[in-house]
>>> print(open('run.cif').read())   # mmCIF, C-alpha atoms
data_upload
#
loop_
_atom_site.label_atom_id
_atom_site.label_comp_id
_atom_site.auth_asym_id
_atom_site.auth_seq_id
_atom_site.Cartn_x
_atom_site.Cartn_y
_atom_site.Cartn_z
CA MET A 1 12.98 23.73 5.27
CA VAL A 2 10.85 22.35 2.48
CA THR A 3 11.77 23.69 -0.93
CA MET A 4 10.21 23.78 -4.38
CA HIS A 5 12.86 21.23 -5.37
CA PHE A 6 11.32 18.75 -2.90
CA PHE A 7 7.79 19.29 -4.24
CA ILE A 8 8.81 18.88 -7.87
CA LEU A 9 10.97 15.84 -7.19
CA PHE A 10 8.33 14.25 -4.95
CA ALA A 11 5.57 14.88 -7.52
CA LEU A 12 7.61 13.23 -10.26
CA LEU A 13 8.81 10.32 -8.11
CA PHE A 14 5.26 9.63 -6.92
CA GLY A 15 3.24 10.64 -9.96
CA ILE A 16 5.05 8.71 -12.68
CA PRO A 17 5.13 5.33 -10.85
CA TYR A 18 1.52 5.87 -9.71
CA TYR A 19 0.43 6.47 -13.30
CA LEU A 20 2.32 3.35 -14.39
CA LEU A 21 0.70 1.36 -11.58
CA LEU A 22 -2.81 2.39 -12.54
CA TYR A 23 -2.61 2.44 -16.34
CA VAL A 24 0.46 0.65 -17.73
CA LEU A 25 1.80 -2.21 -15.62
CA PRO A 26 0.22 -5.65 -16.11
CA LEU A 27 -0.83 -6.19 -12.49
CA LYS A 28 -3.72 -8.57 -13.07
CA PRO A 29 -1.74 -11.72 -12.07
CA LEU A 30 -0.59 -10.05 -8.85
CA LEU A 31 -4.09 -8.78 -8.06
CA GLU A 32 -5.49 -12.26 -8.68
CA ALA A 33 -2.85 -13.73 -6.35
CA ILE A 34 -3.79 -11.21 -3.65
CA ALA A 35 -7.49 -12.07 -4.07
CA SER A 36 -6.72 -15.80 -3.87
CA PHE A 37 -4.57 -15.35 -0.78
CA LEU A 38 -7.25 -13.27 0.90
CA ALA A 39 -9.90 -15.89 0.08
CA PHE A 40 -7.63 -18.54 1.62
CA ALA A 41 -7.01 -16.43 4.74
CA LEU A 42 -10.69 -15.61 5.12
CA ASN A 43 -11.69 -19.28 4.72
CA ALA A 44 -9.06 -20.26 7.28
CA THR A 45 -10.63 -17.88 9.78
CA GLY A 46 -14.24 -18.93 9.27
CA PHE A 47 -15.49 -16.76 6.40
CA THR A 48 -16.93 -18.52 3.36
CA SER A 49 -14.89 -16.95 0.57
CA THR A 50 -13.98 -17.58 -3.06
CA ALA A 51 -11.80 -15.68 -5.50
CA THR A 52 -12.49 -15.47 -9.22
CA GLY A 53 -9.85 -13.36 -10.88
CA THR A 54 -9.63 -10.10 -8.97
CA LEU A 55 -13.12 -10.51 -7.52
CA LEU A 56 -13.52 -11.92 -4.05
CA ALA A 57 -16.86 -13.12 -2.68
CA SER A 58 -17.13 -13.50 1.07
CA ASN A 59 -20.36 -14.26 2.91
CA ASP A 60 -22.41 -13.18 -0.13
CA GLN A 61 -20.61 -9.82 -0.41
CA LEU A 62 -18.48 -8.99 -3.47
CA PHE A 63 -15.14 -7.17 -3.30
CA GLU A 64 -12.65 -6.33 -6.03
CA ILE A 65 -8.89 -6.07 -5.60
CA VAL A 66 -7.75 -3.11 -7.73
CA PRO A 67 -4.27 -1.66 -8.36
CA SER A 68 -4.75 1.21 -5.91
CA CYS A 69 -5.45 -1.36 -3.16
CA SER A 70 -2.54 -3.63 -4.01
CA GLY A 71 -0.17 -2.12 -1.46
CA PHE A 72 2.03 -0.61 -4.12
CA VAL A 73 0.66 2.91 -3.68
CA MET A 74 2.15 3.05 -0.19
CA ILE A 75 5.42 1.59 -1.47
CA ILE A 76 5.51 4.25 -4.20
CA LEU A 77 4.81 6.90 -1.55
CA MET A 78 7.70 5.58 0.54
CA PHE A 79 9.95 5.52 -2.56
CA ALA A 80 9.06 9.14 -3.40
CA LEU A 81 9.66 10.34 0.16
CA LEU A 82 12.98 8.52 0.51
CA TYR A 83 14.36 9.75 -2.81
CA SER A 84 13.10 13.33 -2.59
CA THR A 85 14.63 13.99 0.83
CA PRO A 86 18.22 13.69 2.04
CA VAL A 87 18.26 10.10 3.25
CA LYS A 88 21.50 8.15 3.09
CA LYS A 89 21.08 4.78 1.31
CA PRO A 90 17.35 5.13 0.48
CA LEU A 91 17.33 1.80 -1.38
CA ARG A 92 18.29 0.01 1.84
CA PHE A 93 15.30 1.51 3.64
CA LEU A 94 12.97 0.83 0.73
CA ALA A 95 14.05 -2.82 0.64
CA LEU A 96 13.49 -3.07 4.39
CA TYR A 97 10.17 -1.22 4.59
CA ALA A 98 8.43 -2.26 1.35
CA PRO A 99 7.61 -5.79 2.62
CA VAL A 100 6.27 -4.31 5.87
CA LEU A 101 4.01 -1.95 3.93
CA PHE A 102 2.85 -4.70 1.58
CA LEU A 103 2.02 -7.08 4.45
CA PHE A 104 0.21 -4.36 6.37
CA ASN A 105 -1.82 -3.66 3.27
CA ILE A 106 -2.79 -7.35 3.03
CA TYR A 107 -3.94 -7.13 6.64
CA ARG A 108 -5.87 -3.92 5.83
CA LEU A 109 -7.69 -5.67 2.98
CA TYR A 110 -8.36 -8.72 5.16
CA ALA A 111 -9.85 -6.57 7.93
CA ALA A 112 -12.03 -4.56 5.54
CA ILE A 113 -13.32 -7.68 3.80
CA ALA A 114 -13.82 -9.67 7.01
CA LEU A 115 -15.80 -6.89 8.65
CA GLY A 116 -17.51 -5.90 5.41
CA SER A 117 -18.63 -9.43 4.65
CA THR A 118 -20.33 -9.61 8.05
CA TRP A 119 -21.48 -5.99 8.27
CA PRO A 120 -21.50 -4.56 4.70
CA GLU A 121 -21.91 -1.00 5.94
CA LEU A 122 -18.48 -1.26 7.65
CA ALA A 123 -16.48 -2.25 4.55
CA GLU A 124 -15.81 1.27 3.27
CA PRO A 125 -15.27 2.98 6.66
CA VAL A 126 -12.82 0.28 7.75
CA HIS A 127 -11.02 0.37 4.40
CA PHE A 128 -10.81 4.18 4.65
CA TYR A 129 -9.71 4.15 8.31
CA TYR A 130 -6.95 1.63 7.66
CA TRP A 131 -5.77 3.71 4.69
CA PHE A 132 -4.94 6.50 7.13
CA ILE A 133 -3.11 4.07 9.40
CA ASP A 134 -1.24 2.79 6.33
CA ALA A 135 -0.29 6.36 5.36
CA PHE A 136 0.78 7.12 8.93
CA LEU A 137 2.95 3.99 8.87
CA VAL A 138 4.63 5.25 5.68
CA LEU A 139 5.30 8.64 7.26
CA PHE A 140 6.58 7.05 10.46
CA LEU A 141 8.96 4.71 8.61
CA TRP A 142 10.16 7.56 6.40
CA PHE A 143 10.77 9.66 9.52
CA LEU A 144 12.85 6.83 10.99
CA ALA A 145 14.94 6.62 7.84
CA PHE A 146 15.30 10.40 7.61
CA ALA A 147 16.03 10.97 11.30
CA THR A 148 18.53 8.14 11.67
CA ASN A 149 20.41 8.41 8.35
CA PRO A 150 20.36 11.91 6.93
CA SER A 151 22.71 12.43 4.02
CA LYS A 152 25.06 15.37 4.20
CA ASN A 153 25.35 15.50 0.41
CA LYS A 154 21.73 15.84 -0.70
CA THR A 155 19.56 18.88 -0.21
CA PRO A 156 15.78 18.63 -0.47
#
>>> encode(input="run.cif", output="structure tokens")
Amino acid sequence: MVTMHFFILFALLFGIPYYLLLYVLPLKPLLEAIASFLAFALNATGFTSTATGTLLASNDQLFEIVPSCSGFVMIILMFALLYSTPVKKPLRFLALYAPVLFLFNIYRLYAAIALGSTWPELAEPVHFYYWFIDAFLVLFLWFLAFATNPSKNKTP
């Protein structure tokens, strides 16, 4: 049974890190690294791409890597779910699943940019579609953690 305690705890555990991600943390070096890596990956697979800061140009289309697309939103979502529900050893699951979520997000960005640089009208729909897959992946991984290691001491 979902309680008000869960909603309050989840809102705090998601909202505060999300606010920090968007407005406080100095993510520019990480976002630039993601843009550079994506340019490298796109070039390696036949797309003419360059990265300048957080901007990525591919086949004459311009894309920007922003904090909400860094992969950390899904990691924050996983963190909030793990710590607001009775999961035994949530840090273990976070350490295991965070790299999976981050790498999937890199793939999501690659797919959106690759398709969007060839067919610009597909960039947003593909980005949006993969966001739902990303969110489903978070929920699936959280379910695995929750179903296989429920804590007897915590109540949601």
>>> resolve_selection(input="run.cif", expression="the PyMOL selection byres ((chain A and resi 14) around 8)", output="PyMOL selection string")
chain A and resi 10-13+15-18+76-77+79-80
>>> resolve_selection(input="run.cif", expression="the PyMOL selection byres ((chain A and resi 54-71) around 9)", output="tab-separated table (two decimals) with C-alpha atoms, keeping the file's coordinate frame")
chain	number	residue	atom	x	y	z
A	18	TYR	CA	1.52	5.87	-9.71
A	21	LEU	CA	0.70	1.36	-11.58
A	22	LEU	CA	-2.81	2.39	-12.54
A	27	LEU	CA	-0.83	-6.19	-12.49
A	28	LYS	CA	-3.72	-8.57	-13.07
A	29	PRO	CA	-1.74	-11.72	-12.07
A	30	LEU	CA	-0.59	-10.05	-8.85
A	31	LEU	CA	-4.09	-8.78	-8.06
A	32	GLU	CA	-5.49	-12.26	-8.68
A	33	ALA	CA	-2.85	-13.73	-6.35
A	34	ILE	CA	-3.79	-11.21	-3.65
A	35	ALA	CA	-7.49	-12.07	-4.07
A	36	SER	CA	-6.72	-15.80	-3.87
A	38	LEU	CA	-7.25	-13.27	0.90
A	39	ALA	CA	-9.90	-15.89	0.08
A	42	LEU	CA	-10.69	-15.61	5.12
A	43	ASN	CA	-11.69	-19.28	4.72
A	47	PHE	CA	-15.49	-16.76	6.40
A	48	THR	CA	-16.93	-18.52	3.36
A	49	SER	CA	-14.89	-16.95	0.57
A	50	THR	CA	-13.98	-17.58	-3.06
A	51	ALA	CA	-11.80	-15.68	-5.50
A	52	THR	CA	-12.49	-15.47	-9.22
A	53	GLY	CA	-9.85	-13.36	-10.88
A	72	PHE	CA	2.03	-0.61	-4.12
A	73	VAL	CA	0.66	2.91	-3.68
A	74	MET	CA	2.15	3.05	-0.19
A	75	ILE	CA	5.42	1.59	-1.47
A	76	ILE	CA	5.51	4.25	-4.20
A	101	LEU	CA	4.01	-1.95	3.93
A	102	PHE	CA	2.85	-4.70	1.58
A	103	LEU	CA	2.02	-7.08	4.45
A	104	PHE	CA	0.21	-4.36	6.37
A	105	ASN	CA	-1.82	-3.66	3.27
A	106	ILE	CA	-2.79	-7.35	3.03
A	109	LEU	CA	-7.69	-5.67	2.98
A	113	ILE	CA	-13.32	-7.68	3.80
A	114	ALA	CA	-13.82	-9.67	7.01
A	116	GLY	CA	-17.51	-5.90	5.41
A	117	SER	CA	-18.63	-9.43	4.65
A	118	THR	CA	-20.33	-9.61	8.05
A	120	PRO	CA	-21.50	-4.56	4.70
>>> atom_distance(input="run.cif", atom1="CA of Phe132 (chain A)", atom2="CA of Val100 (chain A)")
15.6 Å
>>> closest_residue(input="run.cif", among="A:Ala95, A:Val87, A:Met78, A:Leu122", to="Ala135 (chain A)", atoms="all atoms listed in the file")
A:Met78
>>> atom_distance(input="run.cif", atom1="CA of Leu115 (chain A)", atom2="CA of Ala98 (chain A)")
25.7 Å
>>> atom_distance(input="run.cif", atom1="CA of Tyr110 (chain A)", atom2="CA of Leu20 (chain A)")
25.3 Å
>>> residues_around(input="run.cif", residues="His127 (chain A)", least_positions_apart="6", cutoff="8 Å", atoms="all atoms listed in the file", output="number ranges by chain")
A: 108-109, 111-112
>>> residues_around(input="run.cif", residues="Leu9 (chain A)", least_positions_apart="6", cutoff="10 Å", atoms="all atoms listed in the file", output="list in words")
Gly15, Ala80, Leu81, Tyr83, Ser84, Thr85 and Pro156 of chain A
>>> write_last_selection(input="run.cif", atoms="C-alpha atoms", output="CSV table (one decimal), keeping the file's coordinate frame")
chain,number,residue,atom,x,y,z
A,15,GLY,CA,3.2,10.6,-10.0
A,80,ALA,CA,9.1,9.1,-3.4
A,81,LEU,CA,9.7,10.3,0.2
A,83,TYR,CA,14.4,9.8,-2.8
A,84,SER,CA,13.1,13.3,-2.6
A,85,THR,CA,14.6,14.0,0.8
A,156,PRO,CA,15.8,18.6,-0.5
>>> closest_residue(input="run.cif", among="A:Ala145, A:Val138, A:Val126, A:Ala44", to="Phe93 (chain A)", atoms="all atoms listed in the file")
A:Ala145
>>> closest_residue(input="run.cif", among="A:Leu82, A:Leu25, A:Leu141, A:Ile133", to="Tyr97 (chain A)", atoms="all atoms listed in the file")
A:Leu141
>>> closest_residue(input="run.cif", among="A:Tyr107, A:Thr45, A:Glu124, A:Trp142", to="Arg92 (chain A)", atoms="all atoms listed in the file")
A:Trp142
>>> build_atoms(input="run.cif", residues="region 85-113 of chain A", atoms="N, CA and C atoms", output="mmCIF file, keeping the file's coordinate frame")
data_model
loop_
_atom_site.group_PDB
_atom_site.id
_atom_site.type_symbol
_atom_site.label_atom_id
_atom_site.label_comp_id
_atom_site.auth_asym_id
_atom_site.auth_seq_id
_atom_site.Cartn_x
_atom_site.Cartn_y
_atom_site.Cartn_z
ATOM 1 N N THR A 85 14.075 13.375 -0.372
ATOM 2 C CA THR A 85 14.630 13.990 0.830
ATOM 3 C C THR A 85 16.045 13.445 1.054
ATOM 4 N N PRO A 86 16.837 14.142 1.843
ATOM 5 C CA PRO A 86 18.220 13.690 2.040
ATOM 6 C C PRO A 86 18.342 12.515 3.004
ATOM 7 N N VAL A 87 18.106 11.332 2.473
ATOM 8 C CA VAL A 87 18.260 10.100 3.250
ATOM 9 C C VAL A 87 19.442 9.336 2.666
ATOM 10 N N LYS A 88 20.361 8.937 3.529
ATOM 11 C CA LYS A 88 21.500 8.150 3.090
ATOM 12 C C LYS A 88 21.042 6.715 2.828
ATOM 13 N N LYS A 89 21.410 6.147 1.702
ATOM 14 C CA LYS A 89 21.080 4.780 1.310
ATOM 15 C C LYS A 89 19.565 4.531 1.289
ATOM 16 N N PRO A 90 18.807 5.304 0.500
ATOM 17 C CA PRO A 90 17.350 5.130 0.480
ATOM 18 C C PRO A 90 16.916 3.748 -0.007
ATOM 19 N N LEU A 91 17.700 3.131 -0.889
ATOM 20 C CA LEU A 91 17.330 1.800 -1.380
ATOM 21 C C LEU A 91 17.325 0.781 -0.248
ATOM 22 N N ARG A 92 18.250 0.912 0.682
ATOM 23 C CA ARG A 92 18.290 0.010 1.840
ATOM 24 C C ARG A 92 16.999 0.100 2.646
ATOM 25 N N PHE A 93 16.539 1.325 2.885
ATOM 26 C CA PHE A 93 15.300 1.510 3.640
ATOM 27 C C PHE A 93 14.091 1.031 2.849
ATOM 28 N N LEU A 94 14.091 1.291 1.555
ATOM 29 C CA LEU A 94 12.970 0.830 0.730
ATOM 30 C C LEU A 94 12.889 -0.689 0.740
ATOM 31 N N ALA A 95 14.032 -1.350 0.618
ATOM 32 C CA ALA A 95 14.050 -2.820 0.640
ATOM 33 C C ALA A 95 13.587 -3.360 1.995
ATOM 34 N N LEU A 96 13.890 -2.647 3.049
ATOM 35 C CA LEU A 96 13.490 -3.070 4.390
ATOM 36 C C LEU A 96 12.010 -2.799 4.661
ATOM 37 N N TYR A 97 11.526 -1.632 4.246
ATOM 38 C CA TYR A 97 10.170 -1.220 4.590
ATOM 39 C C TYR A 97 9.100 -1.662 3.604
ATOM 40 N N ALA A 98 9.439 -1.872 2.347
ATOM 41 C CA ALA A 98 8.430 -2.260 1.350
ATOM 42 C C ALA A 98 7.682 -3.536 1.745
ATOM 43 N N PRO A 99 8.369 -4.599 2.195
ATOM 44 C CA PRO A 99 7.610 -5.790 2.620
ATOM 45 C C PRO A 99 6.683 -5.517 3.807
ATOM 46 N N VAL A 100 7.113 -4.663 4.722
ATOM 47 C CA VAL A 100 6.270 -4.310 5.870
ATOM 48 C C VAL A 100 5.004 -3.616 5.380
ATOM 49 N N LEU A 101 5.170 -2.671 4.463
ATOM 50 C CA LEU A 101 4.010 -1.950 3.930
ATOM 51 C C LEU A 101 3.091 -2.874 3.145
ATOM 52 N N PHE A 102 3.666 -3.770 2.365
ATOM 53 C CA PHE A 102 2.850 -4.700 1.580
ATOM 54 C C PHE A 102 2.060 -5.629 2.501
ATOM 55 N N LEU A 103 2.712 -6.185 3.521
ATOM 56 C CA LEU A 103 2.020 -7.080 4.450
ATOM 57 C C LEU A 103 0.952 -6.353 5.259
ATOM 58 N N PHE A 104 1.239 -5.125 5.666
ATOM 59 C CA PHE A 104 0.210 -4.360 6.370
ATOM 60 C C PHE A 104 -0.983 -4.116 5.473
ATOM 61 N N ASN A 105 -0.729 -3.865 4.203
ATOM 62 C CA ASN A 105 -1.820 -3.660 3.270
ATOM 63 C C ASN A 105 -2.673 -4.917 3.115
ATOM 64 N N ILE A 106 -2.039 -6.087 3.085
ATOM 65 C CA ILE A 106 -2.790 -7.350 3.030
ATOM 66 C C ILE A 106 -3.680 -7.463 4.260
ATOM 67 N N TYR A 107 -3.132 -7.117 5.418
ATOM 68 C CA TYR A 107 -3.940 -7.130 6.640
ATOM 69 C C TYR A 107 -5.099 -6.136 6.541
ATOM 70 N N ARG A 108 -4.825 -4.945 5.990
ATOM 71 C CA ARG A 108 -5.870 -3.920 5.830
ATOM 72 C C ARG A 108 -7.009 -4.445 4.962
ATOM 73 N N LEU A 109 -6.664 -5.093 3.857
ATOM 74 C CA LEU A 109 -7.690 -5.670 2.980
ATOM 75 C C LEU A 109 -8.456 -6.776 3.696
ATOM 76 N N TYR A 110 -7.719 -7.633 4.409
ATOM 77 C CA TYR A 110 -8.360 -8.720 5.160
ATOM 78 C C TYR A 110 -9.376 -8.148 6.154
ATOM 79 N N ALA A 111 -8.959 -7.143 6.918
ATOM 80 C CA ALA A 111 -9.850 -6.570 7.930
ATOM 81 C C ALA A 111 -11.081 -5.942 7.289
ATOM 82 N N ALA A 112 -10.887 -5.209 6.209
ATOM 83 C CA ALA A 112 -12.030 -4.560 5.540
ATOM 84 C C ALA A 112 -12.995 -5.595 4.980
ATOM 85 N N ILE A 113 -12.453 -6.650 4.388
ATOM 86 C CA ILE A 113 -13.320 -7.680 3.800
ATOM 87 C C ILE A 113 -13.992 -8.510 4.889
#
